[in-house]
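J.: I'd like to ask you about the structure that follows.
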Amino acid sequence: MKYQTQKIALAYFFVAIALFAIQVSAGLILGWIYVDPNFLSDLLPFNVARMLHSNALIVWLLTGFMGCAYFLVPEEAEREIHSPKLAYLQLLILVVGTLGAVLTYVTNAFEGNMLLGKQGREFLEQPLWVKIGIVVAALIFLYNLTMTILAGRKTAISNILLLGLWGLALCFLFAFYNPGNLALDKQYWWFVVHLWVEGTWELIMAAILAFLMLKLTGVDREIVEKWLYIIVATALFSGILGTGHHYYWIGTPGYWQWIGSIFSSLEVVPFFGMMAFAFVMVWKGRRDHANKAALLWSLGCATLAFFGAGVWGFMHTLHPVNYYTHGTQITAAHGHLAFFGAYVSLNLAMFSYALPLLKGRDPYNQVLNMASFWLMSGGMVFMTFTLTFAGAVQTHLQRVMGMNYMEVQDQLWVFYAMRFCSGVAVVLGALLYIYAVLVPRREVISQASHADAVPAE
Ligand code: HEM
Ligand code: HEM
Ligand SMILES: [Fe+2]
């Protein structure tokens with residue numbers, strides 16, 4: 001760690017990791033409810049557990065990104081963070097908001113209250129006061145980072161990171177507009193959800209991945225920057241109009257079927273670009289960095305993002321296909337692998353890289369960390385396959401044969417049981433990861449290894 005204020009990242013990473021554990025545990029409960037539908041139906045109904053699962057995901061990913069930014073910007077700008085106090089205040093606001101949202105979901109307090117009650121839009125259920133808190137925290141964050149970067153060295157990595165973060169915050173403002181007309185509601189809802197994961201977050205991903213590649217492979221900055229510009233240009237060119245792939249069946253004009261199909265197909269390009277970038281950098285790289293776990297997560301991130309977002313996204317993005325698959329388990333298969341590959345793995349890569357530096361130690365527990373990569377990613381890939389099969393059967397029975405929804409669900413039981421098993425692997429992998437990055441390895445040098453070290457005559 002070169003700069004004192006990079007320590008701020010540590011607090012953000014701890015909060016993110018705690019929420020990550022809650023997120024995957026809630027997933028396991030959901031997965032079990034699919035197998036045994038009355039499980040916890042009084043204590044923690046499916047819809048509430050689902051809110052916890054998806055909201056915890058978004059909040060921990062955002063907290064993680066913020067931590068990554070506080071770690072990365074001092075090194076790129078060659079400056080300490082403008083105000084560490086503001087950075088901690090920002091985290092406090094986010095934690096209070098998160099606890100407030102969780103309590104509201106679980107107890108359903110203030111139901112129907114405009115300011116205090118939950119709002120029924122997937123991912124954007126947070127009560128209004130929490131949303132306002134999020135905006136205040138985001139403003140503090142952007143002010144703090146922008147001041148740091150303006151005062152210091154300006155690099156392509158920090159500029160693109162900042163552009164992504166500003167875009168993320170601006171898109172969130174659409175969460176405050178909730179028109180009564182359901183078609184309009186959906187139209188603006190996607191401005192947040194789609195323009196986040198297939199626009200602004202992609203810039204953040206490209207910037208963080210570029211930083212990791214720079215550090216881990218030692219390739220020249222100019223080469224990294226060239227790739228970065230191409231990735232960002234293709235991401236924005238395809239992603240913005242790609243929003244159209246959500247406008248096929250919500251009451252918007254028919255031309256969206258063509259705009260959405262064409263531009264969202266092009267969204268595969270930046271994800272392919274990021275995968276090619278990561279592998280070419282490793283191949284060209286001159287440095288053999290000691291942190292193998294961070295490198296594995298970085299390559300895994302780029303690869304799984306290409307499959308989850310690019311391949312699984314393309315699978316159902318053309319409107320004649322989406323006509324049949326819309327809202328089936330195919331969507332859930334894609335949602336899981338895309339989020340996991342692109343944004344979960346990205347955060348875990350950065351935590352793996354930064355935590356040893358922040359704690360002033362050599363990379364530790366690397367073998368466990370790498371084992372957790374294979375367990376978690378393997379579990380996630382298996383889950384994606386089970387859901388894809390479930391979705392194919394569902395699409396056929398429900399959308400082609402016209403069977404009714406619940407009848408079809410009965411046929412899918414075996415897939416849901418397998419999904420639950422893969423979920424267990426993911427949760428075990430997550431626990432292993434948390435142990436590997438947070439609990440340092442004790443140096444145990446046994447007598448035997450000393451004896452072995454004596455050169456034989
Ligand atoms: C880090 C890993 C995970 C990520 C990134 C993730 C992401 C998501 C996302 C984005 C959704 C909303 C999907 C949609 O709207 O299509 C979701 C729902 C869900 N997740 Fe996960 N999840 C993860 C882990 C798990 C685990 C371990 C399980 C356990 C089996 C699980 C089970 C579920 C279930 C059952 C739903 C509800 C699907 C529905 O409403 O039909 N997830 N998850
Ligand atoms: C990392 C980037 C991405 C993430 C995290 C992501 C995540 C998601 C999630 C969670 C949903 C379900 C939303 C809901 O209905 O509640 C979804 C829907 C969808 N995504 Fe993605 N996605 C990504 C990239 C892509 C790409 C690149 C494509 C196209 C090539 C794509 C195509 C689609 C389509 C067509 C739907 C609508 C599915 C339906 O009609 O039910 N996605 N995505
Ligand atoms: Fe989308």
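So you can find residues: chains in the structure tokens are A, B, ... in the order shown, residues in each start at 1, and ligands are numbered from 1 in order.
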With only C-alpha atoms and all ligand atoms counted, collect every polymer residue having an atom within 8 Å of ligand 1; state the result as an MDAnalysis selection string.

T.: chainID A and resid 20 23:34 50 53:54 57 122 327 329 331:341 343:344 380 383 419:427

J.: So which residues are near ligand 3, meaning at most 9 Å away with only C-alpha atoms and all ligand atoms counted, given back as number ranges by chain?

T.: A: 190, 193-198, 239, 242-246, 264, 313, 317

J.: When you look at Trp297 (chain A) with a cut-off of 10 Å (counting only C-alpha atoms), what residues show up, excluding the ones that are within fewer than 4 positions of it in the same chain? I need them as a compact mmCIF listing (two decimals) with N, CA and C atoms, in the first residue's frame.

T.:
```txt
# COMPACT_ATOMS: atom_id res chain seq x y z
N LYS A 292 -1.36 -15.02 -7.44
CA LYS A 292 -1.99 -15.86 -8.47
C LYS A 292 -3.52 -15.89 -8.34
N ALA A 293 -3.99 -15.77 -7.10
CA ALA A 293 -5.44 -15.83 -6.88
C ALA A 293 -6.13 -14.64 -7.55
N CYS A 301 -13.31 -13.69 -14.24
CA CYS A 301 -14.30 -12.62 -14.40
C CYS A 301 -14.54 -12.33 -15.87
N ALA A 302 -13.46 -12.08 -16.61
CA ALA A 302 -13.62 -11.72 -18.02
C ALA A 302 -14.27 -12.87 -18.81
N THR A 303 -13.89 -14.11 -18.47
CA THR A 303 -14.42 -15.26 -19.20
C THR A 303 -15.90 -15.51 -18.88
N GLY A 341 -20.41 -13.49 -13.17
CA GLY A 341 -19.19 -13.37 -13.96
C GLY A 341 -18.69 -11.93 -13.98
N VAL A 344 -19.68 -9.85 -9.60
CA VAL A 344 -19.24 -10.53 -8.38
C VAL A 344 -17.76 -10.87 -8.51
N SER A 345 -17.38 -11.53 -9.61
CA SER A 345 -15.98 -11.94 -9.77
C SER A 345 -15.04 -10.74 -9.83
N LEU A 346 -15.52 -9.65 -10.40
CA LEU A 346 -14.68 -8.45 -10.48
C LEU A 346 -14.33 -7.97 -9.08
N ASN A 347 -15.35 -7.87 -8.23
CA ASN A 347 -15.09 -7.46 -6.85
C ASN A 347 -14.18 -8.45 -6.14
N LEU A 348 -14.46 -9.74 -6.32
CA LEU A 348 -13.65 -10.73 -5.61
C LEU A 348 -12.19 -10.69 -6.10
N ALA A 349 -12.00 -10.37 -7.38
CA ALA A 349 -10.63 -10.24 -7.90
C ALA A 349 -9.91 -9.08 -7.21
N MET A 350 -10.61 -7.96 -7.12
CA MET A 350 -9.98 -6.78 -6.51
C MET A 350 -9.74 -7.01 -5.02
N PHE A 351 -10.69 -7.65 -4.32
CA PHE A 351 -10.47 -7.94 -2.89
C PHE A 351 -9.22 -8.83 -2.75
N SER A 352 -9.12 -9.84 -3.63
CA SER A 352 -7.99 -10.76 -3.53
C SER A 352 -6.67 -10.02 -3.74
N TYR A 353 -6.71 -9.03 -4.63
CA TYR A 353 -5.48 -8.28 -4.90
C TYR A 353 -5.17 -7.30 -3.77
N ASN A 369 -7.96 -19.74 -1.67
CA ASN A 369 -8.67 -18.75 -2.47
C ASN A 369 -8.94 -19.31 -3.87
N MET A 370 -7.93 -19.95 -4.46
CA MET A 370 -8.13 -20.48 -5.81
C MET A 370 -9.11 -21.65 -5.80
N PHE A 373 -12.44 -20.23 -5.87
CA PHE A 373 -12.83 -19.80 -7.22
C PHE A 373 -13.48 -20.95 -7.98
N TRP A 374 -12.82 -22.12 -7.95
CA TRP A 374 -13.35 -23.25 -8.74
C TRP A 374 -14.66 -23.75 -8.17
N SER A 377 -17.36 -20.85 -8.89
CA SER A 377 -17.64 -20.71 -10.32
C SER A 377 -18.26 -21.99 -10.86
```

J.: Could you state the separation of atom 28 (C, counted along the ligand's line) of ligand 2 and CA of Ala210 (chain A) in Å, given to one decimal place?

T.: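 If I compute the distance from atom 28 (C, counted along the ligand's line) of ligand 2 to CA of Ala210 (chain A), I get 22.1 Å.
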
J.: Using only C-alpha atoms and all ligand atoms, can you tell me which of A:Ala9, A:Val224, A:Leu61, A:Ala276 comes closest to ligand 2?

T.: A:Leu61

J.: What lies within 9 Å of Met281 (chain A) using only C-alpha atoms, ignoring chain neighbours under 4 positions off, as a PyMOL selection string?

T.: chain A and resi 213-214+217-219+223-224+276-277+285

J.: In terms of the shortest atom-to-atom distance over only C-alpha atoms, which of A:Val393, A:Leu165, A:Val282, A:Leu150 is closest to Thr328 (chain A)?

T.: A:Val393

J.: Could you check which of A:Phe123, A:Trp283, A:Phe237, A:Phe141 is closest to ligand 2, using only C-alpha atoms and all ligand atoms?

T.: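 Under the stated criterion, the closest residue is A:Phe123.
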